[in-house]
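Heads up, target20.txt below (compact mmCIF, C-alpha atoms):
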# COMPACT_ATOMS: atom_id res chain seq x y z
CA MET D 6 -42.98 21.43 77.84
CA THR D 7 -45.12 24.47 77.01
CA SER D 8 -43.71 27.88 76.15
CA LYS D 9 -44.63 29.09 79.69
CA GLN D 10 -42.48 26.37 81.26
CA GLN D 11 -39.47 27.09 79.02
CA GLY D 12 -36.65 29.37 80.01
CA SER D 13 -36.66 32.82 78.46
CA SER D 14 -33.74 32.12 76.10
CA THR D 15 -35.36 28.92 74.83
CA ALA D 16 -38.67 30.69 74.29
CA ILE D 17 -36.93 33.37 72.23
CA VAL D 18 -35.09 30.81 70.07
CA HIS D 19 -38.16 28.53 69.75
CA PRO D 20 -41.18 30.87 69.62
CA ALA D 21 -44.64 29.38 69.88
CA TYR D 22 -46.14 31.70 67.26
CA GLU D 23 -46.64 30.24 63.78
CA VAL D 24 -47.16 32.47 60.76
CA PRO D 25 -50.54 31.72 59.13
CA ASP D 26 -50.70 30.24 55.63
CA GLY D 27 -52.42 31.93 52.72
CA PHE D 28 -50.26 34.99 52.08
CA SER D 29 -49.79 35.83 48.40
CA ALA D 30 -48.02 38.77 46.74
CA PHE D 31 -46.11 39.57 43.54
CA PRO D 32 -42.56 39.82 44.96
CA ALA D 33 -40.56 36.65 45.42
CA ALA D 34 -40.07 35.74 49.07
CA ILE D 35 -36.52 36.08 50.38
CA HIS D 36 -35.53 32.79 51.99
CA HIS D 37 -32.28 33.14 53.92
CA ALA D 38 -30.62 29.94 55.12
CA SER D 39 -27.36 28.27 55.83
CA THR D 40 -28.99 25.40 57.78
CA VAL D 41 -31.92 23.71 56.07
CA LEU D 42 -34.22 21.67 58.32
CA PHE D 43 -35.41 18.08 57.75
CA LYS D 44 -38.47 16.55 59.39
CA ASP D 45 -36.54 13.39 60.31
CA VAL D 46 -33.29 11.51 59.67
CA GLU D 47 -34.82 9.49 56.84
CA ALA D 48 -35.73 12.68 55.00
CA MET D 49 -32.22 14.03 55.52
CA ARG D 50 -30.61 10.89 54.11
CA ALA D 51 -33.03 10.72 51.19
CA ARG D 52 -32.11 14.15 49.84
CA SER D 53 -29.26 14.96 47.46
CA TRP D 54 -27.90 18.45 46.88
CA LEU D 55 -27.58 17.54 43.18
CA ASN D 56 -31.38 17.25 42.98
CA LYS D 57 -32.89 20.71 42.83
CA SER D 58 -36.41 19.51 43.48
CA THR D 59 -35.58 19.68 47.19
CA TYR D 60 -33.32 21.50 49.66
CA THR D 61 -30.28 20.38 51.63
CA TYR D 62 -28.06 23.33 52.59
CA GLY D 63 -28.07 27.06 51.95
CA LEU D 64 -24.97 26.93 49.76
CA HIS D 65 -26.90 24.81 47.25
CA GLY D 66 -29.91 27.08 47.21
CA THR D 67 -33.19 28.17 48.75
CA PRO D 68 -36.57 28.75 47.06
CA THR D 69 -35.37 32.29 46.24
CA SER D 70 -32.27 31.25 44.33
CA PHE D 71 -34.05 28.32 42.69
CA GLN D 72 -36.62 30.76 41.33
CA LEU D 73 -33.95 33.02 39.84
CA GLU D 74 -32.15 30.06 38.30
CA GLY D 75 -35.39 28.90 36.74
CA GLU D 76 -36.17 32.32 35.29
CA ILE D 77 -32.68 32.84 33.88
CA ALA D 78 -32.73 29.39 32.26
CA GLN D 79 -36.10 30.18 30.69
CA ILE D 80 -34.89 33.53 29.28
CA GLU D 81 -31.80 31.89 27.78
CA GLY D 82 -33.75 28.93 26.40
CA GLY D 83 -31.91 26.44 28.64
CA ASN D 84 -33.00 23.79 31.10
CA HIS D 85 -30.55 24.34 33.96
CA CYS D 86 -28.89 27.32 35.63
CA VAL D 87 -26.25 27.64 38.34
CA LEU D 88 -25.66 30.98 40.09
CA ALA D 89 -22.22 32.33 40.97
CA PRO D 90 -21.04 35.37 42.99
CA SER D 91 -20.01 37.36 39.87
CA GLY D 92 -19.62 37.10 36.12
CA LEU D 93 -15.95 36.26 36.57
CA ALA D 94 -16.89 33.58 39.10
CA ALA D 95 -19.22 32.11 36.45
CA ILE D 96 -16.30 31.97 34.00
CA THR D 97 -14.19 30.30 36.69
CA LEU D 98 -16.97 27.79 37.31
CA VAL D 99 -16.99 26.76 33.64
CA ASN D 100 -13.20 26.44 33.47
CA MET D 101 -13.00 24.40 36.67
CA ALA D 102 -15.88 22.13 35.64
CA PHE D 103 -14.56 21.21 32.21
CA LEU D 104 -10.76 21.61 32.25
CA GLU D 105 -7.98 19.72 33.97
CA THR D 106 -4.20 19.48 33.74
CA GLY D 107 -3.08 18.61 30.21
CA ASP D 108 -6.20 19.97 28.52
CA ASP D 109 -6.27 22.74 25.93
CA VAL D 110 -8.71 25.66 25.75
CA LEU D 111 -9.20 28.26 23.01
CA VAL D 112 -10.14 31.82 24.01
CA PRO D 113 -11.01 34.64 21.56
CA ASP D 114 -8.60 37.56 21.47
CA ASN D 115 -11.50 39.97 22.09
CA ALA D 116 -12.74 38.20 25.23
CA TYR D 117 -13.50 39.95 28.50
CA GLY D 118 -10.09 40.91 29.92
CA PRO D 119 -10.30 38.91 33.18
CA ASN D 120 -11.25 35.81 31.16
CA LYS D 121 -8.01 36.16 29.20
CA ASP D 122 -6.08 36.84 32.40
CA GLN D 123 -7.57 33.73 33.97
CA GLY D 124 -6.40 31.79 30.95
CA ALA D 125 -2.84 32.88 31.67
CA TRP D 126 -3.32 31.74 35.29
CA LEU D 127 -4.65 28.34 34.18
CA LYS D 128 -1.61 27.91 31.96
CA ARG D 129 0.87 29.02 34.61
CA SER D 130 -0.53 27.27 37.68
CA PHE D 131 -2.63 24.35 36.43
CA GLY D 132 -0.80 23.05 33.37
CA ILE D 133 -3.67 23.83 31.00
CA SER D 134 -2.74 24.97 27.49
CA VAL D 135 -4.47 28.26 26.64
CA ARG D 136 -4.39 29.71 23.13
CA PHE D 137 -5.97 32.93 21.87
CA TYR D 138 -7.61 33.04 18.46
CA ASP D 139 -8.92 35.64 16.02
CA PRO D 140 -12.59 36.14 17.01
CA MET D 141 -13.56 36.39 13.32
CA ILE D 142 -12.10 32.98 12.45
CA GLY D 143 -15.46 31.26 12.02
CA ALA D 144 -15.35 27.69 10.70
CA ASP D 145 -11.56 27.88 10.27
CA ILE D 146 -11.24 27.34 14.00
CA ALA D 147 -11.30 23.65 13.08
CA ASP D 148 -7.64 24.04 12.09
CA LEU D 149 -6.75 25.10 15.65
CA ILE D 150 -8.44 22.20 17.46
CA LEU D 151 -5.95 19.74 18.95
CA PRO D 152 -6.58 16.22 20.31
CA ASN D 153 -6.50 17.65 23.87
CA THR D 154 -8.73 20.67 23.14
CA LYS D 155 -11.71 20.36 25.49
CA LEU D 156 -13.31 23.81 25.47
CA ILE D 157 -13.69 26.80 23.15
CA TRP D 158 -14.79 30.13 24.60
CA THR D 159 -16.66 32.62 22.43
CA GLU D 160 -17.95 36.13 23.03
CA ALA D 161 -20.34 37.88 20.68
CA PRO D 162 -19.78 40.70 20.35
CA GLY D 163 -16.48 41.45 22.07
CA SER D 164 -17.34 43.68 25.01
CA VAL D 165 -14.80 46.38 24.06
CA SER D 166 -14.03 46.08 20.35
CA MET D 167 -17.51 44.84 19.35
CA GLU D 168 -16.66 42.28 16.65
CA VAL D 169 -19.47 39.75 16.21
CA ALA D 170 -18.13 36.21 15.89
CA ASP D 171 -19.88 33.58 13.77
CA VAL D 172 -20.80 31.43 16.77
CA PRO D 173 -22.79 28.80 14.80
CA ALA D 174 -19.81 28.18 12.51
CA ILE D 175 -17.48 27.85 15.52
CA CYS D 176 -19.92 25.47 17.22
CA ALA D 177 -20.25 23.27 14.14
CA ALA D 178 -16.47 22.99 13.80
CA ALA D 179 -16.06 22.28 17.52
CA HIS D 180 -18.79 19.67 17.70
CA SER D 181 -17.41 17.81 14.70
CA LYS D 182 -14.37 17.13 16.88
CA GLY D 183 -16.19 16.56 20.16
CA VAL D 184 -15.28 19.92 21.74
CA LEU D 185 -17.61 21.97 23.95
CA VAL D 186 -18.38 25.64 23.23
CA ALA D 187 -19.03 28.20 25.97
CA LEU D 188 -20.41 31.65 25.16
CA ASP D 189 -20.15 34.80 27.23
CA ASN D 190 -23.65 36.07 26.42
CA THR D 191 -23.62 39.06 28.79
CA TRP D 192 -23.88 41.68 26.03
CA SER D 193 -27.24 40.36 24.82
CA ALA D 194 -28.70 39.59 28.28
CA GLY D 195 -30.30 36.52 26.71
CA ILE D 196 -32.78 38.85 25.02
CA ALA D 197 -31.00 39.69 21.77
CA TYR D 198 -29.32 36.29 21.30
CA LYS D 199 -30.56 32.78 22.07
CA PRO D 200 -27.37 30.73 22.42
CA PHE D 201 -28.81 27.23 22.34
CA GLU D 202 -30.55 27.93 19.05
CA HIS D 203 -27.10 28.49 17.53
CA GLY D 204 -25.26 25.45 18.82
CA VAL D 205 -23.78 26.72 22.09
CA ASP D 206 -23.31 24.13 24.84
CA ILE D 207 -22.78 26.45 27.81
CA SER D 208 -23.97 30.04 28.14
CA MET D 209 -22.51 32.31 30.80
CA GLN D 210 -23.74 35.73 31.88
CA ALA D 211 -22.90 38.45 34.35
CA LEU D 212 -26.27 39.17 35.97
CA THR D 213 -24.54 42.28 37.31
CA LYS D 214 -25.60 44.03 34.10
CA TYR D 215 -29.12 44.32 32.65
CA GLN D 216 -30.66 41.65 34.88
CA SER D 217 -29.92 43.71 37.98
CA GLY D 218 -30.27 47.07 36.25
CA GLY D 219 -29.27 48.99 39.36
CA SER D 220 -25.46 48.95 39.26
CA ASP D 221 -25.58 47.53 42.78
CA VAL D 222 -25.32 43.73 42.49
CA LEU D 223 -22.52 41.32 41.58
CA MET D 224 -23.74 37.96 40.30
CA GLY D 225 -23.15 35.49 37.50
CA ALA D 226 -24.96 32.54 35.95
CA VAL D 227 -24.08 29.50 33.86
CA ILE D 228 -26.90 28.01 31.77
CA THR D 229 -27.07 24.66 29.97
CA LYS D 230 -29.61 22.41 28.31
CA ASP D 231 -27.79 19.13 28.97
CA ALA D 232 -28.24 17.48 32.37
CA GLU D 233 -24.78 15.91 32.43
CA LEU D 234 -23.08 19.26 31.73
CA ASN D 235 -25.17 20.76 34.51
CA ASN D 236 -24.08 18.03 36.94
CA ARG D 237 -20.43 18.77 36.21
CA LEU D 238 -21.10 22.45 36.89
CA LEU D 239 -22.87 21.60 40.15
CA MET D 240 -19.90 19.50 41.31
CA ALA D 241 -17.49 22.36 40.59
CA HIS D 242 -19.89 24.82 42.24
CA MET D 243 -19.92 22.72 45.42
CA ARG D 244 -16.14 22.32 45.47
CA LEU D 245 -15.55 26.02 44.94
CA GLY D 246 -18.19 27.01 47.51
CA PHE D 247 -19.76 29.60 45.20
CA GLY D 248 -22.74 30.76 47.25
CA VAL D 249 -24.82 33.86 46.55
CA GLY D 250 -26.71 36.09 48.98
CA MET D 251 -30.49 35.89 48.86
CA ASP D 252 -30.92 39.65 49.21
CA ASP D 253 -28.89 40.07 46.02
CA VAL D 254 -30.89 37.28 44.37
CA TYR D 255 -34.07 39.16 45.23
CA LEU D 256 -32.72 42.36 43.66
CA VAL D 257 -32.00 40.51 40.41
CA LEU D 258 -35.45 38.88 40.48
CA ARG D 259 -37.00 42.31 40.87
CA GLY D 260 -34.90 43.71 38.03
CA LEU D 261 -35.83 40.91 35.65
CA GLN D 262 -39.43 42.06 35.42
CA SER D 263 -38.48 45.27 33.63
CA MET D 264 -35.34 43.99 31.89
CA LYS D 265 -36.73 43.63 28.38
CA LEU D 266 -38.26 47.11 28.44
CA ARG D 267 -35.01 48.61 29.76
CA PHE D 268 -32.89 46.68 27.25
CA GLU D 269 -34.99 47.99 24.37
CA ALA D 270 -34.81 51.56 25.73
CA HIS D 271 -31.01 51.29 26.04
CA ASP D 272 -30.87 49.97 22.47
CA ILE D 273 -32.98 52.77 20.98
CA ALA D 274 -31.01 55.46 22.80
CA ALA D 275 -27.61 53.92 21.99
CA ARG D 276 -28.34 53.80 18.27
CA LYS D 277 -29.33 57.46 18.30
CA VAL D 278 -26.17 58.48 20.12
CA ALA D 279 -24.03 56.23 17.91
CA ALA D 280 -25.59 57.72 14.76
CA TRP D 281 -24.83 61.23 15.99
CA LEU D 282 -21.23 60.28 16.83
CA LYS D 283 -20.81 58.76 13.39
CA SER D 284 -21.45 62.20 11.90
CA ARG D 285 -18.74 63.89 13.99
CA PRO D 286 -15.36 64.63 12.42
CA GLU D 287 -13.58 63.81 15.68
CA ILE D 288 -14.74 60.17 15.45
CA ALA D 289 -13.00 57.93 12.93
CA LYS D 290 -15.26 54.92 13.44
CA VAL D 291 -18.26 53.82 15.47
CA LEU D 292 -17.96 50.20 16.64
CA HIS D 293 -21.59 49.17 16.95
CA PRO D 294 -22.84 45.81 15.57
CA ALA D 295 -25.90 47.43 13.99
CA TRP D 296 -23.62 49.48 11.69
CA ASP D 297 -22.64 47.72 8.47
CA ASP D 298 -18.95 48.64 8.81
CA CYS D 299 -18.63 46.94 12.20
CA PRO D 300 -16.84 43.57 11.85
CA GLY D 301 -19.41 40.79 11.95
CA HIS D 302 -22.39 43.04 11.19
CA ASP D 303 -23.82 40.42 8.79
CA VAL D 304 -23.70 37.80 11.56
CA TRP D 305 -25.37 40.20 13.99
CA LYS D 306 -28.10 40.93 11.44
CA ARG D 307 -28.62 37.22 10.83
CA ASP D 308 -28.58 35.93 14.41
CA PHE D 309 -29.38 38.78 16.81
CA ASN D 310 -32.55 40.61 17.73
CA GLY D 311 -31.38 43.84 19.34
CA ALA D 312 -28.22 45.47 20.60
CA GLY D 313 -28.57 47.00 24.07
CA GLY D 314 -26.72 50.11 25.18
CA LEU D 315 -23.02 49.26 24.81
CA PHE D 316 -20.77 50.34 21.94
CA SER D 317 -17.35 51.87 21.30
CA VAL D 318 -15.79 54.53 19.09
CA LEU D 319 -12.35 55.17 17.66
CA PHE D 320 -11.24 58.78 17.77
CA ASP D 321 -9.43 60.31 14.82
CA GLU D 322 -5.79 59.33 15.18
CA LYS D 323 -4.74 63.00 15.36
CA PHE D 324 -6.06 63.06 18.94
CA THR D 325 -3.62 61.96 21.64
CA GLU D 326 -4.44 59.83 24.65
CA ALA D 327 -4.16 62.93 26.83
CA GLN D 328 -6.80 64.64 24.71
CA THR D 329 -9.25 61.74 24.73
CA ASP D 330 -8.72 61.35 28.49
CA GLN D 331 -9.63 64.99 28.84
CA PHE D 332 -12.72 64.39 26.71
CA VAL D 333 -13.85 61.70 29.14
CA ASN D 334 -13.02 63.85 32.17
CA GLN D 335 -15.00 66.75 30.71
CA LEU D 336 -18.25 64.78 30.43
CA LYS D 337 -20.92 65.69 33.00
CA LEU D 338 -23.73 63.15 32.66
CA PHE D 339 -21.48 60.28 31.61
CA LYS D 340 -19.62 58.89 34.61
CA ILE D 341 -16.31 57.03 34.51
CA GLY D 342 -16.76 53.42 35.59
CA PHE D 343 -16.72 49.83 34.41
CA SER D 344 -19.71 47.56 33.76
CA TRP D 345 -22.93 48.48 31.99
CA GLY D 346 -26.66 47.81 31.95
CA GLY D 347 -27.59 50.31 34.66
CA SER D 348 -29.66 53.48 34.44
CA HIS D 349 -26.62 55.77 34.36
CA SER D 350 -24.52 56.39 31.27
CA LEU D 351 -20.83 55.52 31.47
CA CYS D 352 -17.72 56.27 29.42
CA VAL D 353 -14.31 54.58 29.66
CA PRO D 354 -11.16 54.96 27.51
CA TYR D 355 -9.20 51.79 26.74
CA ARG D 356 -5.61 51.10 25.77
CA ILE D 357 -6.83 48.50 23.33
CA GLU D 358 -3.39 47.72 21.89
CA SER D 359 -2.30 46.32 25.26
CA MET D 360 -5.40 44.11 25.45
CA ARG D 361 -5.12 42.41 22.07
CA GLN D 362 -2.46 40.27 20.45
CA THR D 363 -3.22 41.88 17.12
CA TRP D 364 -4.84 45.28 16.71
CA SER D 365 -4.34 47.31 13.54
CA ALA D 366 -6.98 50.03 13.84
CA LYS D 367 -5.77 53.56 14.53
CA GLY D 368 -7.08 55.98 17.11
CA ILE D 369 -7.94 55.86 20.81
CA LEU D 370 -10.86 53.57 21.68
CA VAL D 371 -13.54 54.88 24.04
CA ARG D 372 -16.49 52.76 25.17
CA PHE D 373 -19.94 54.17 25.92
CA ASN D 374 -22.73 52.65 27.95
CA ILE D 375 -25.92 54.55 27.16
CA GLY D 376 -28.21 54.66 30.17
CA LEU D 377 -31.79 55.80 30.57
CA GLU D 378 -31.30 59.57 30.48
CA ASP D 379 -32.86 61.72 27.74
CA VAL D 380 -30.91 61.18 24.52
CA GLU D 381 -30.82 64.90 23.73
CA ASP D 382 -29.10 65.58 27.04
CA LEU D 383 -26.52 62.85 26.45
CA ILE D 384 -25.71 64.16 22.98
CA ALA D 385 -25.39 67.69 24.34
CA ASP D 386 -23.01 66.44 27.00
CA ILE D 387 -20.81 64.68 24.42
CA GLU D 388 -20.90 67.75 22.18
CA GLN D 389 -19.71 70.12 24.89
CA SER D 390 -16.88 67.75 25.73
CA LEU D 391 -15.85 67.34 22.09
CA LYS D 392 -15.61 71.12 21.82
CA ALA D 393 -13.07 71.03 24.64
CA LEU D 394 -10.78 69.00 22.37
Would you encode the structure as structure tokens?
Amino acid sequence: MTSKQQGSSTAIVHPAYEVPDGFSAFPAAIHHASTVLFKDVEAMRARSWLNKSTYTYGLHGTPTSFQLEGEIAQIEGGNHCVLAPSGLAAITLVNMAFLETGDDVLVPDNAYGPNKDQGAWLKRSFGISVRFYDPMIGADIADLILPNTKLIWTEAPGSVSMEVADVPAICAAAHSKGVLVALDNTWSAGIAYKPFEHGVDISMQALTKYQSGGSDVLMGAVITKDAELNNRLLMAHMRLGFGVGMDDVYLVLRGLQSMKLRFEAHDIAARKVAAWLKSRPEIAKVLHPAWDDCPGHDVWKRDFNGAGGLFSVLFDEKFTEAQTDQFVNQLKLFKIGFSWGGSHSLCVPYRIESMRQTWSAKGILVRFNIGLEDVEDLIADIEQSLKAL
């Protein structure tokens, strides 16, 4: 039947026009799909969704998402990558892939808050033992490993309090007892820290941050070098139904091309702002890994190559929470909001004592994300707000 003989609805659904081959351009093509087509039944039956050299269903990927996974794995120094709808979804993917009832998992006390909260949920609803440890424990974590310990989470540095854990020492202790180590590597964006060079088994990132760069995308990724670990992640990914939208994937692909330049610009600006804050009498301490009085500075200096735009400060303990809240409210260029890695500077006060099992430092903690504005303007904004104190 030719297109002229078809009914109008059929002709619309099955157009005769075919797009010519030969188009080439820099941007990645956006391939949307739920249904993926096969040329015949044999081809359909020959394909496996676990094999990413081919396509089976939109949930498992299209050329667009496969390209992003490949690029993220390359940046991290891994061989495999699985995308998730958010950074927290990526954490969930790791937990569901490698933990089951009766297992034990160790989580650092300075971990991303929702990771710790999920640990409480795993303990309450799934019968998984969850214990929190001092992030600066290093090799002594060997003393905490039990026969049923299956996974150790790490985060370097902590995304609020900025301690830099000795990840290689933790990995060595874990591996000597057959335990996997997962790292939340969001802070470094895979640029400042190469996890697999330091013994990490599983690296997780929120691509929401520097990879996107636009404060407009939610996405996560889990990266591995080992094929068997990747297969376990893929099985959990399928069972959880963690699909991502290809328009969002495209935005992250576009952001990746300038990520290293932006990360370095954030880093340079953040160190200038942090140095200025360190000179202010209102600030008791600057929590920035590049400063030698930040816990874990020696580890950062040994293992990292950069710092990005995120750091925290502790105000002098004479200032009340009401005063530091007013400081944040008084800022003009700095906006109040979570996340980081975008062009706009952010500032958020934290009740750190309620987030940590042990916290001895005095003073209200405030976290800064330094964006891409002129440093002089950011410093002037902080100065005018400090005067209001």
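Pairwise distance (atom CA of Asp171 of chain D, atom CA of Gly143 of chain D) equals 5.3 Å.
Going from atom CA of Gln72 of chain D over to atom CA of Ala34 of chain D, you cover 9.8 Å.
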Show me as a PDB file with C-alpha atoms, in the coordinates of the input the residues that reach within 12 Å of (-21.9, 60.3, 29.2), counting all atoms listed in the file and using the file's own coordinates.
ATOM      1  CA  ALA D 275     -27.610  53.920  21.990  1.00  0.00           C
ATOM      2  CA  VAL D 278     -26.170  58.480  20.120  1.00  0.00           C
ATOM      3  CA  GLY D 314     -26.720  50.110  25.180  1.00  0.00           C
ATOM      4  CA  LEU D 315     -23.020  49.260  24.810  1.00  0.00           C
ATOM      5  CA  PHE D 332     -12.720  64.390  26.710  1.00  0.00           C
ATOM      6  CA  VAL D 333     -13.850  61.700  29.140  1.00  0.00           C
ATOM      7  CA  ASN D 334     -13.020  63.850  32.170  1.00  0.00           C
ATOM      8  CA  GLN D 335     -15.000  66.750  30.710  1.00  0.00           C
ATOM      9  CA  LEU D 336     -18.250  64.780  30.430  1.00  0.00           C
ATOM     10  CA  LYS D 337     -20.920  65.690  33.000  1.00  0.00           C
ATOM     11  CA  LEU D 338     -23.730  63.150  32.660  1.00  0.00           C
ATOM     12  CA  PHE D 339     -21.480  60.280  31.610  1.00  0.00           C
ATOM     13  CA  LYS D 340     -19.620  58.890  34.610  1.00  0.00           C
ATOM     14  CA  ILE D 341     -16.310  57.030  34.510  1.00  0.00           C
ATOM     15  CA  GLY D 342     -16.760  53.420  35.590  1.00  0.00           C
ATOM     16  CA  SER D 348     -29.660  53.480  34.440  1.00  0.00           C
ATOM     17  CA  HIS D 349     -26.620  55.770  34.360  1.00  0.00           C
ATOM     18  CA  SER D 350     -24.520  56.390  31.270  1.00  0.00           C
ATOM     19  CA  LEU D 351     -20.830  55.520  31.470  1.00  0.00           C
ATOM     20  CA  CYS D 352     -17.720  56.270  29.420  1.00  0.00           C
ATOM     21  CA  VAL D 353     -14.310  54.580  29.660  1.00  0.00           C
ATOM     22  CA  VAL D 371     -13.540  54.880  24.040  1.00  0.00           C
ATOM     23  CA  ARG D 372     -16.490  52.760  25.170  1.00  0.00           C
ATOM     24  CA  PHE D 373     -19.940  54.170  25.920  1.00  0.00           C
ATOM     25  CA  ASN D 374     -22.730  52.650  27.950  1.00  0.00           C
ATOM     26  CA  ILE D 375     -25.920  54.550  27.160  1.00  0.00           C
ATOM     27  CA  GLY D 376     -28.210  54.660  30.170  1.00  0.00           C
ATOM     28  CA  LEU D 377     -31.790  55.800  30.570  1.00  0.00           C
ATOM     29  CA  GLU D 378     -31.300  59.570  30.480  1.00  0.00           C
ATOM     30  CA  ASP D 379     -32.860  61.720  27.740  1.00  0.00           C
ATOM     31  CA  VAL D 380     -30.910  61.180  24.520  1.00  0.00           C
ATOM     32  CA  GLU D 381     -30.820  64.900  23.730  1.00  0.00           C
ATOM     33  CA  ASP D 382     -29.100  65.580  27.040  1.00  0.00           C
ATOM     34  CA  LEU D 383     -26.520  62.850  26.450  1.00  0.00           C
ATOM     35  CA  ILE D 384     -25.710  64.160  22.980  1.00  0.00           C
ATOM     36  CA  ALA D 385     -25.390  67.690  24.340  1.00  0.00           C
ATOM     37  CA  ASP D 386     -23.010  66.440  27.000  1.00  0.00           C
ATOM     38  CA  ILE D 387     -20.810  64.680  24.420  1.00  0.00           C
ATOM     39  CA  GLU D 388     -20.900  67.750  22.180  1.00  0.00           C
ATOM     40  CA  GLN D 389     -19.710  70.120  24.890  1.00  0.00           C
ATOM     41  CA  SER D 390     -16.880  67.750  25.730  1.00  0.00           C
ATOM     42  CA  LEU D 391     -15.850  67.340  22.090  1.00  0.00           C
TER      43      LEU D 391
END
query = Closest to Phe316 of chain D among D:Ser344, D:Thr40, D:Ser284, D:Ser166, using all atoms listed in the file?
reply = D:Ser166
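Rounded to one decimal, atom CA of Ile96 of chain D and atom CA of Val222 of chain D lie 17.1 Å from each other.
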Report as CSV: every residue of segment 54-91 of chain D with an atom at most 10 Å from segment 17-33 of chain D, its closest pair of atoms, and their distance in Å to one decimal, counting all atoms listed in the file, with rows sorted by chain and ascending residue number.
residue,atom,partner,partner_atom,distance
D:Pro68,CA,D:Ala33,CA,9.0
D:Thr69,CA,D:Ala33,CA,6.8
D:Ser70,CA,D:Ala33,CA,10.0
D:Gln72,CA,D:Ala33,CA,8.2
D:Leu73,CA,D:Ala33,CA,9.4
inquiry  = Given only C-alpha atoms as the basis, pick out the residue of D:Asp206, D:Asp221, D:Asp297, D:Glu74 nearest to His180 of chain D.
reply    =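 Smallest separation from His180 of chain D among the options: D:Asp206.
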inquiry  = I'd like the contact shell of Asp253 of chain D - 9 Å cut-off, all atoms listed in the file, skipping same-chain residues fewer than 3 positions apart - returned as a list in words.
reply    = Ser217, Asp221, Val222, Leu223, Met224, Val249, Gly250, Leu256, Val257 and Leu258 of chain D
task = Identify which of the residues D:Gln210, D:Gln362, D:Asn236, D:Ser39 lies closest to Leu64 of chain D, counting only C-alpha atoms when measuring atom-to-atom distances.
result =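 Distance minimum relative to Leu64 of chain D lands on D:Ser39.
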ask   = So which one's closest to Val41 of chain D, D:Ser263, D:Thr67, D:Ser58, D:Ser130? Using only C-alpha atoms, please.
value = D:Thr67
query = Need the neighbours of (-7.1, 24.8, 30.4): which residues are at most 6 Å away, counting only C-alpha atoms, as JSON, numbers by chain?
reply = {"D": [104, 108, 109, 110, 127, 133, 134, 135]}
message = With only C-alpha atoms as the counted atoms, please give the residues lying no more than 12 Å from Ala144 of chain D, apart from itself and same-chain residues fewer than 5 positions off, as a list in words.
response = Asp139, Leu149, Ile150, Ala170, Asp171, Val172, Pro173, Ala174, Ile175, Cys176, Ala177, Ala178, Ala179, His180 and Ser181 of chain D
request  = Go through D:Ser164, D:Ser220, D:Asn100, D:Thr154 one by one, measure the shortest atom-to-atom distance of each to Ser193 of chain D using all atoms listed in the file, and give the residue with the smallest value.
outcome  =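 With all atoms listed in the file as the atom set, the closest residue is D:Ser164.
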inquiry  = Just checking: using all atoms listed in the file, which residue out of D:His85, D:Arg356, D:Lys265, D:Arg52 ends up closest to Thr229 of chain D?
reply    =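 For Thr229 of chain D, the nearest of the given residues is D:His85.
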Given 4 Å on each side, where is the centre and what are the edge lengths in Å to one decimal of the axis-aligned box enclosing the listed atoms of segment 353-356 of chain D, as JSON?
{"center_x": -10.0, "center_y": 53.0, "center_z": 27.7, "size_x": 16.7, "size_y": 11.9, "size_z": 11.9}
key: 12 Å contact set for Arg285 of chain D, all atoms listed in the file, chain neighbours under 3 positions out, as a ChimeraX atom specification   = /D:278-282,288-291,318-321,384,387-388,391-392
message = So that I can see what lies close to Pro200 of chain D, please list as a ChimeraX atom specification the residues with an atom at most 12 Å from it, counting only C-alpha atoms and leaving out residues fewer than 3 positions away in the same chain.
response = /D:78,80-83,159-161,171-173,176,186-191,193-197,203-210,227-230,308-309
